[in-house]
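Presented below is the structure to which this report refers.
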4 protein chains.
Amino acid sequence: MQGELHHDPVIAEQSTTRLLLACPDRPGLIARVSGFLADAGLNIVDADQHSTAEGRFFMRMVFDSVAGEALTELARRFEEEVAAPCEMEHRFAESSRPKRVAIMVSREDHCLSDLLWRWRSGELGGELVAVLSNHPDHAEQVAAVGLPFHHVPVDPADRTAAEREALDLLGELDLLVLARYMQVLSEAFLRELAAPAINIHHSFLPAFVGADPYRRAHERGVKLIGATAHYVTADLDAGPIIDQDVTRVSHSDEVPDLVRIGRDAERLVLARAVTAHLDDRVLLDGERTIVF
Amino acid sequence: MQGELHHDPVIAEQSTTRLLLACPDRPGLIARVSGFLADAGLNIVDADQHSTAEGRFFMRMVFDSVAGEALTELARRFEEEVAAPCEMEHRFAESSRPKRVAIMVSREDHCLSDLLWRWRSGELGGELVAVLSNHPDHAEQVAAVGLPFHHVPVDPADRTAAEREALDLLGELDLLVLARYMQVLSEAFLRELAAPAINIHHSFLPAFVGADPYRRAHERGVKLIGATAHYVTADLDAGPIIDQDVTRVSHSDEVPDLVRIGRDAERLVLARAVTAHLDDRVLLDGERTIVF
Amino acid sequence: MQGELHHDPVIAEQSTTRLLLACPDRPGLIARVSGFLADAGLNIVDADQHSTAEGRFFMRMVFDSVAGEALTELARRFEEEVAAPCEMEHRFAESSRPKRVAIMVSREDHCLSDLLWRWRSGELGGELVAVLSNHPDHAEQVAAVGLPFHHVPVDPADRTAAEREALDLLGELDLLVLARYMQVLSEAFLRELAAPAINIHHSFLPAFVGADPYRRAHERGVKLIGATAHYVTADLDAGPIIDQDVTRVSHSDEVPDLVRIGRDAERLVLARAVTAHLDDRVLLDGERTIVF
Amino acid sequence: MQGELHHDPVIAEQSTTRLLLACPDRPGLIARVSGFLADAGLNIVDADQHSTAEGRFFMRMVFDSVAGEALTELARRFEEEVAAPCEMEHRFAESSRPKRVAIMVSREDHCLSDLLWRWRSGELGGELVAVLSNHPDHAEQVAAVGLPFHHVPVDPADRTAAEREALDLLGELDLLVLARYMQVLSEAFLRELAAPAINIHHSFLPAFVGADPYRRAHERGVKLIGATAHYVTADLDAGPIIDQDVTRVSHSDEVPDLVRIGRDAERLVLARAVTAHLDDRVLLDGERTIVF
């Protein structure tokens, strides 16, 4: 045995079950949900709730793992006893059933590399199942970690074929991550995907929506550049924001410097947003997010 | 009426009652507390809870305002039905009864000025009742906002008289804020004060405990300088930390630059800590704080 | 004498003279300017330079104080020997002749209070000469520090009279600071002012140009709110940016929270921008700034 | 050709030569150095200088690339005409001769992976030549990018053999990076290495020197955790600091959370420090650094 100078504790996480819900706000909701779980003999590990000024209530409960038939039965009773009377939208999620995640990427691989590393080191909270790119560049890097890599070139005159092929290759997913995928995806694609997609945009949205944000940031002379991770909707760069961050720049940074400096914020922001989603910490409140 | 270009909404806060508690962790605590409040017909506005790895449970509940006799009766029933069976330490606090706060300060007035401004603008969440200093410098500034100012010089050979006089002048307090008060307070003073005291230390504790932290930060060549707000205990700069922050500096910043740059972090960190305390958002967990 | 626990060094700054210049980039410029100063027996205390990708050179030299006739003669020789041959725009500034600064403000006084405090504590690097407001609210606060306060209400149907009165009252200035002045100023006003004006906008420009940025930030669901200090031009919120910063917010922050949280960033960003300007550290490069 | 939505500019950097120097401060130094370069027909691309309160002058000049014999001759003349008369320590460095860098690492690979990615993407400004570890875990990852991997286990009873083997395997280096290498290196090793070494320590130095900083940070209840990149000296964690950063944490973060959260700051801080060193932007001023 070698005597290491420092020895960091192993990160071990117990399985848990998570309940996410949203409903019209009214007195007694916390008592009702926590009472239901207590009656079921389940210990609450983590609880978050939020009421909006518009009168909507959101909650995330993390409790002892319940799986299989026991969860089905718990969910049935919850629907009947709590959700239906309170007009709740809700879902249960088991941490022991990791979500299936695919990544789409173009030439820039900083976000891809980062997500691959987090997945390998057990940080991601989900299961990567495939990487798809309109360029062949990252085939080797993806193969090296044992993941399928799909090269699907896009014909700019007609994206339909490429989107069709992508849908067939990716199969059923719980989450699609656009890790600097530089092609616009059609509404039809998103509809058929039938899973949420998270995109990283290299600006502090809503500033610099669309193409070339770093060039436009330089032209405007901003003193901070940003990155925004958001759910993908049919409107370009307009989906609900999950996370954002900025980095200080100065007059001496030209556009290529901004591109290079911005990468660190992009990959951190995307990783935080993806992790939050995979940990069932993100709820939608119209066009905004609640991130517990 | 003048047509202002922008018009910021007025910040109006409703009165609420707050319950803070700590007890050994066990299943059903959230249900029990929220159930008690629901049964009492009280609507929960905000709820936070935390379980430590050491098995201790902490909770803060904010709900419809209950005052006077009704609160006494609620507290009695809570003690009997929930607190005693669960071995809870707890307290109720009414937001409509603002806490009485005094400030002690020496020559540097950046924290004092900042707190006076926040108090005048209604941000502070407590009631300033007096300012006391071992220097006469700030008399005018304090008088200008209508607060009593006490000048109590300290004889370095014997601090007892000054501490005695300070205790007499300040009277009963809910919080004492040391806003760059550069004299060590004795254990006897703290004991007789019988109220928590918050100090701002101009370093990122536990680095640079004690005197002259900026000079020592410069000598060590750090690239960030910090500020730490903590509860005062008999051990110098060793009390539970409430908030901290840092600011980037460079080789071109000499000690006077650090002093100047550091002021902004000091006053923001102190203000955040004081506000958190006055909003009953800080609980003690041994030598650490829980800040909800 | 009292034995203070910590004793921060006094901030004393020696007088210096500053030279700011811009010209087409070409070899030998640093040698030429620094050689000129060395030949004049002047010791350079601080030097910054920057060449843009577009081929423009900017420089700031800080050196031993030269004043009165000696400076006139130095400037004459510099024009002849260096500036004219190199097609330079340039100006000399003496730190010992502090710039005359006036503040215009509406109802919100966080930036005003902050600037007043920095001025009193000798941090500002310029001389406040007056405060003007379209509201009477801050009269007392301004009087308390010994500055003239002018109350100039604005008739929304015709701003001309108010602008005329403001120009007459403020007289000759080196800088006008709009410290949350919520009225649009006309081109004619800016032209007649004949001095730069710095505005603080309560968003991360170019996001949320115009009215009600915090409300719009909340609607968009951003995770950071910002503040931007910029030179005022005829285009609303479009002038060259001097400094920006952001603060993290969450789904639990409603618009009044954003207003309150944003104040700290607003006053710090405005103070940094004003200080940089008064220290002659800001140069214009078209619609961008160089901040040395 | 595919029509990418965004297209980031390629980062191309021209070769340059860099001059770094330190000497007693006195008038005319900028003129003298820039004059020398101008006389040699060399265009200055970037210039930084700093005078300390202790009277020492530091400078970094970046100018048109000079290589081979021309550089030898330039250096000879500079020594004679400028350096010797001004008692300068100095060195010239060519950006076209990238520095040889080796990495030593133990089990945690977040810094290693990050440096490998930056090297592959051309960001690092130096040439990785080998990776050495006291564990075999990272062999595959290092082989995948085409670098030699050396596994050198350490016998805690006698580190001499391992250090000997490491020195032999690494050969001549310009920089050694300790990317979470958890063994103390002996003075003899550092002396024989004859190259600077940069270490990443997982705390905000000087807080939490030594083993287990995250555990101790948790015990102290800090609200920010830090990372520090510093030059390695014989004193553990006491060498000159190159860069530092912090991340906000809360009471809900247990030690394993700190470990996970801290990784992002560690790898960014180490990467910034290594890049600064490889770009010849770091000078030593006693036990502090100047980072231009």
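Quick note on naming: the chains in the structure tokens go A, B, ... in the order shown, residues restart at 1 in each chain, and ligands are numbered from 1 in order of appearance.
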task = Provide as a PyMOL selection string the residues of chain D at most 6 Å from chain C, counting only C-alpha atoms.
result = chain D and resi 27-28+31+34-35+38+43
Okay, now the selection with N, CA and C atoms, as a compact mmCIF listing (two decimals), in the first residue's frame?
```txt
# COMPACT_ATOMS: atom_id res chain seq x y z
N PRO D 27 14.75 55.78 -13.37
CA PRO D 27 14.13 56.45 -14.52
C PRO D 27 14.72 55.97 -15.84
N GLY D 28 13.88 55.94 -16.88
CA GLY D 28 14.38 55.68 -18.22
C GLY D 28 14.43 54.24 -18.65
N ALA D 31 12.19 53.45 -21.75
CA ALA D 31 12.78 54.08 -22.93
C ALA D 31 14.00 53.29 -23.40
N SER D 34 12.76 49.73 -24.81
CA SER D 34 12.00 49.87 -26.06
C SER D 34 12.85 50.53 -27.14
N GLY D 35 13.73 51.43 -26.72
CA GLY D 35 14.65 52.04 -27.68
C GLY D 35 15.58 51.00 -28.30
N ALA D 38 13.57 49.04 -30.80
CA ALA D 38 13.25 49.85 -31.98
C ALA D 38 14.48 49.99 -32.87
N ASN D 43 9.38 45.21 -33.94
CA ASN D 43 8.10 45.80 -33.57
C ASN D 43 7.58 45.15 -32.29
```
Go through range 79-174 of chain A and flag each residue having an atom no more than 12 Å from range 103-124 of chain D; for those, report the closest pair of atoms plus their distance in Å to one decimal, using only C-alpha atoms, ordered by chain and rising number, as a tab-separated table.
```
residue	atom	partner	partner_atom	distance
A:Arg107	CA	D:Ser121	CA	11.4
A:Glu108	CA	D:Ser121	CA	9.4
A:Asp109	CA	D:Ser121	CA	8.8
A:His110	CA	D:Trp117	CA	7.9
A:Cys111	CA	D:Trp117	CA	10.9
A:Leu112	CA	D:Trp117	CA	10.8
A:Ser113	CA	D:Trp117	CA	7.5
A:Asp114	CA	D:Asp114	CA	8.2
A:Leu115	CA	D:Ser113	CA	11.7
A:Leu116	CA	D:Ser113	CA	10.4
A:Trp117	CA	D:Ser113	CA	7.5
A:Arg118	CA	D:His110	CA	8.8
A:Trp119	CA	D:His110	CA	11.9
A:Arg120	CA	D:Asp109	CA	10.6
A:Ser121	CA	D:His110	CA	8.7
A:Gly122	CA	D:His110	CA	12.0
A:Glu123	CA	D:His110	CA	11.3
A:Gln141	CA	D:Trp117	CA	10.6
```
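If you count only C-alpha atoms and ignore residues fewer than 2 places along the chain from Ile225 in chain D, what sits within 9 Å of it is His202, Ser203, Phe204, Tyr214, Ala217, Val222, Lys223, Ala227, Asp245, Val246, Thr247, Arg248, Val249, Leu258, Ile261, Gly262 and Ala265 of chain D.
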key: Distance of CA of Tyr231 in chain A from CA of Gly226 in chain C, expressed in Å to one decimal place   = 22.1 Å
CA of Leu270 in chain D to CA of Phe292 in chain D, distance in Å rounded to a single decimal =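 Interatomic distance, CA of Leu270 in chain D to CA of Phe292 in chain D: 16.5 Å.
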inquiry  = Neighbouring residues of range 89-95 of chain C were defined as those with any atom within 7 Å, considering only C-alpha atoms; residues of the same chain fewer than 5 positions away were excluded. Please report them as JSON, numbers by chain.
reply    = {"C": [15, 16, 17, 18, 19, 20, 21, 22, 23]}
Using N, CA, C and O atoms, can you write the selected residues to a file as an mmCIF file, in the first residue's frame?
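Done, and the output landed in again01.cif:
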```cif
data_model
loop_
_atom_site.group_PDB
_atom_site.id
_atom_site.type_symbol
_atom_site.label_atom_id
_atom_site.label_comp_id
_atom_site.auth_asym_id
_atom_site.auth_seq_id
_atom_site.Cartn_x
_atom_site.Cartn_y
_atom_site.Cartn_z
ATOM 1 N N SER C 15 1.032 63.244 -6.479
ATOM 2 C CA SER C 15 0.568 63.841 -7.723
ATOM 3 C C SER C 15 1.341 63.274 -8.898
ATOM 4 O O SER C 15 2.541 63.009 -8.800
ATOM 5 N N THR C 16 0.633 63.070 -9.996
ATOM 6 C CA THR C 16 1.279 62.608 -11.216
ATOM 7 C C THR C 16 0.663 63.349 -12.395
ATOM 8 O O THR C 16 -0.379 63.988 -12.273
ATOM 9 N N THR C 17 1.315 63.239 -13.528
ATOM 10 C CA THR C 17 0.716 63.727 -14.763
ATOM 11 C C THR C 17 0.470 62.521 -15.660
ATOM 12 O O THR C 17 1.223 61.543 -15.623
ATOM 13 N N ARG C 18 -0.628 62.569 -16.395
ATOM 14 C CA ARG C 18 -1.017 61.436 -17.236
ATOM 15 C C ARG C 18 -1.092 61.875 -18.689
ATOM 16 O O ARG C 18 -1.593 62.957 -18.982
ATOM 17 N N LEU C 19 -0.605 61.025 -19.565
ATOM 18 C CA LEU C 19 -0.692 61.281 -20.996
ATOM 19 C C LEU C 19 -1.496 60.156 -21.617
ATOM 20 O O LEU C 19 -1.168 58.980 -21.438
ATOM 21 N N LEU C 20 -2.560 60.509 -22.322
ATOM 22 C CA LEU C 20 -3.356 59.508 -23.038
ATOM 23 C C LEU C 20 -3.274 59.783 -24.520
ATOM 24 O O LEU C 20 -3.404 60.947 -24.943
ATOM 25 N N LEU C 21 -3.080 58.736 -25.299
ATOM 26 C CA LEU C 21 -2.960 58.972 -26.739
ATOM 27 C C LEU C 21 -3.473 57.803 -27.543
ATOM 28 O O LEU C 21 -3.535 56.663 -27.075
ATOM 29 N N ALA C 22 -3.835 58.117 -28.779
ATOM 30 C CA ALA C 22 -4.277 57.109 -29.746
ATOM 31 C C ALA C 22 -3.740 57.512 -31.111
ATOM 32 O O ALA C 22 -3.722 58.700 -31.455
ATOM 33 N N CYS C 23 -3.263 56.532 -31.888
ATOM 34 C CA CYS C 23 -2.742 56.838 -33.222
ATOM 35 C C CYS C 23 -2.677 55.567 -34.047
ATOM 36 O O CYS C 23 -2.859 54.478 -33.528
#
```
task = Compile the contact shell of Ala234 in chain C as a ChimeraX atom specification: residues with an atom at most 8 Å away, counting only C-alpha atoms, same-chain residues fewer than 4 positions apart removed.
result = /C:186-187,190
Near Ala143 in chain C, within 12 Å and counting only C-alpha atoms, which residues show up once chain neighbours fewer than 4 positions away are dropped, as a compact mmCIF listing (two decimals) with N, CA and C atoms, in the first residue's frame?
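part_20.txt written:
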```txt
# COMPACT_ATOMS: atom_id res chain seq x y z
N GLN B 141 -22.31 61.93 11.06
CA GLN B 141 -22.96 61.03 10.10
C GLN B 141 -24.10 60.25 10.76
N ALA B 144 -27.02 62.57 11.61
CA ALA B 144 -27.76 62.98 10.41
C ALA B 144 -28.89 62.02 10.07
N LEU C 116 -21.41 59.49 -2.87
CA LEU C 116 -21.13 60.48 -1.82
C LEU C 116 -20.14 59.91 -0.81
N VAL C 129 -19.28 68.48 -7.31
CA VAL C 129 -19.61 69.90 -7.19
C VAL C 129 -21.11 70.15 -7.01
N ALA C 130 -21.95 69.19 -7.40
CA ALA C 130 -23.40 69.41 -7.24
C ALA C 130 -24.16 68.12 -7.49
N VAL C 131 -25.36 68.06 -6.92
CA VAL C 131 -26.30 66.97 -7.18
C VAL C 131 -27.61 67.59 -7.64
N LEU C 132 -28.16 67.04 -8.71
CA LEU C 132 -29.41 67.58 -9.27
C LEU C 132 -30.41 66.43 -9.41
N PRO C 136 -37.42 65.94 -4.91
CA PRO C 136 -36.80 66.66 -3.79
C PRO C 136 -36.22 65.75 -2.71
N ASP C 137 -36.43 64.43 -2.83
CA ASP C 137 -36.17 63.49 -1.74
C ASP C 137 -34.78 63.55 -1.12
N HIS C 138 -33.76 63.79 -1.93
CA HIS C 138 -32.39 63.61 -1.43
C HIS C 138 -31.75 64.90 -0.94
N ALA C 139 -32.54 65.96 -0.82
CA ALA C 139 -32.00 67.28 -0.44
C ALA C 139 -31.19 67.20 0.86
N LEU C 147 -22.81 69.60 -0.04
CA LEU C 147 -22.87 69.84 -1.48
C LEU C 147 -24.16 70.56 -1.85
N PRO C 148 -24.13 71.40 -2.89
CA PRO C 148 -25.38 72.01 -3.37
C PRO C 148 -26.31 70.95 -3.95
N PHE C 149 -27.60 71.08 -3.63
CA PHE C 149 -28.61 70.18 -4.18
C PHE C 149 -29.61 71.00 -5.00
N HIS C 150 -29.83 70.61 -6.25
CA HIS C 150 -30.78 71.33 -7.09
C HIS C 150 -31.97 70.45 -7.41
```
message = Please return, as an NGL selection string, all residues of range 151-284 of chain B that DSSP assigns to helix (DSSP H, G or I) on the basis of the backbone.
response = :B and (160-170 or 187-193 or 213-220 or 255-278)
message = With DSSP run on the backbone, what are the strand (DSSP E) residues within range 51-131 of chain C? I'd like them as a ChimeraX atom specification.
response = /C:51,56-64,89-94,99-105,126-131
message = I'd like the interatomic distance between CA of Arg267 in chain B and CA of Val291 in chain A, to a tenth of an Å.
response =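 These two atoms are separated by 29.1 Å.
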ask   = range 235-239 of chain D: which residues within 10 Å, counting only C-alpha atoms, same-chain residues fewer than 5 positions away excluded, as a list in words?
value = Arg220 and Gly221 of chain B; Val184, Leu185, Ser186, Glu187, Ile198, Asn199, Ile200, His201, Ser203, Leu205, Pro206, Phe208, Val209, Gly210, Thr228, Ala229, His230, Glu287, Arg288 and Thr289 of chain D
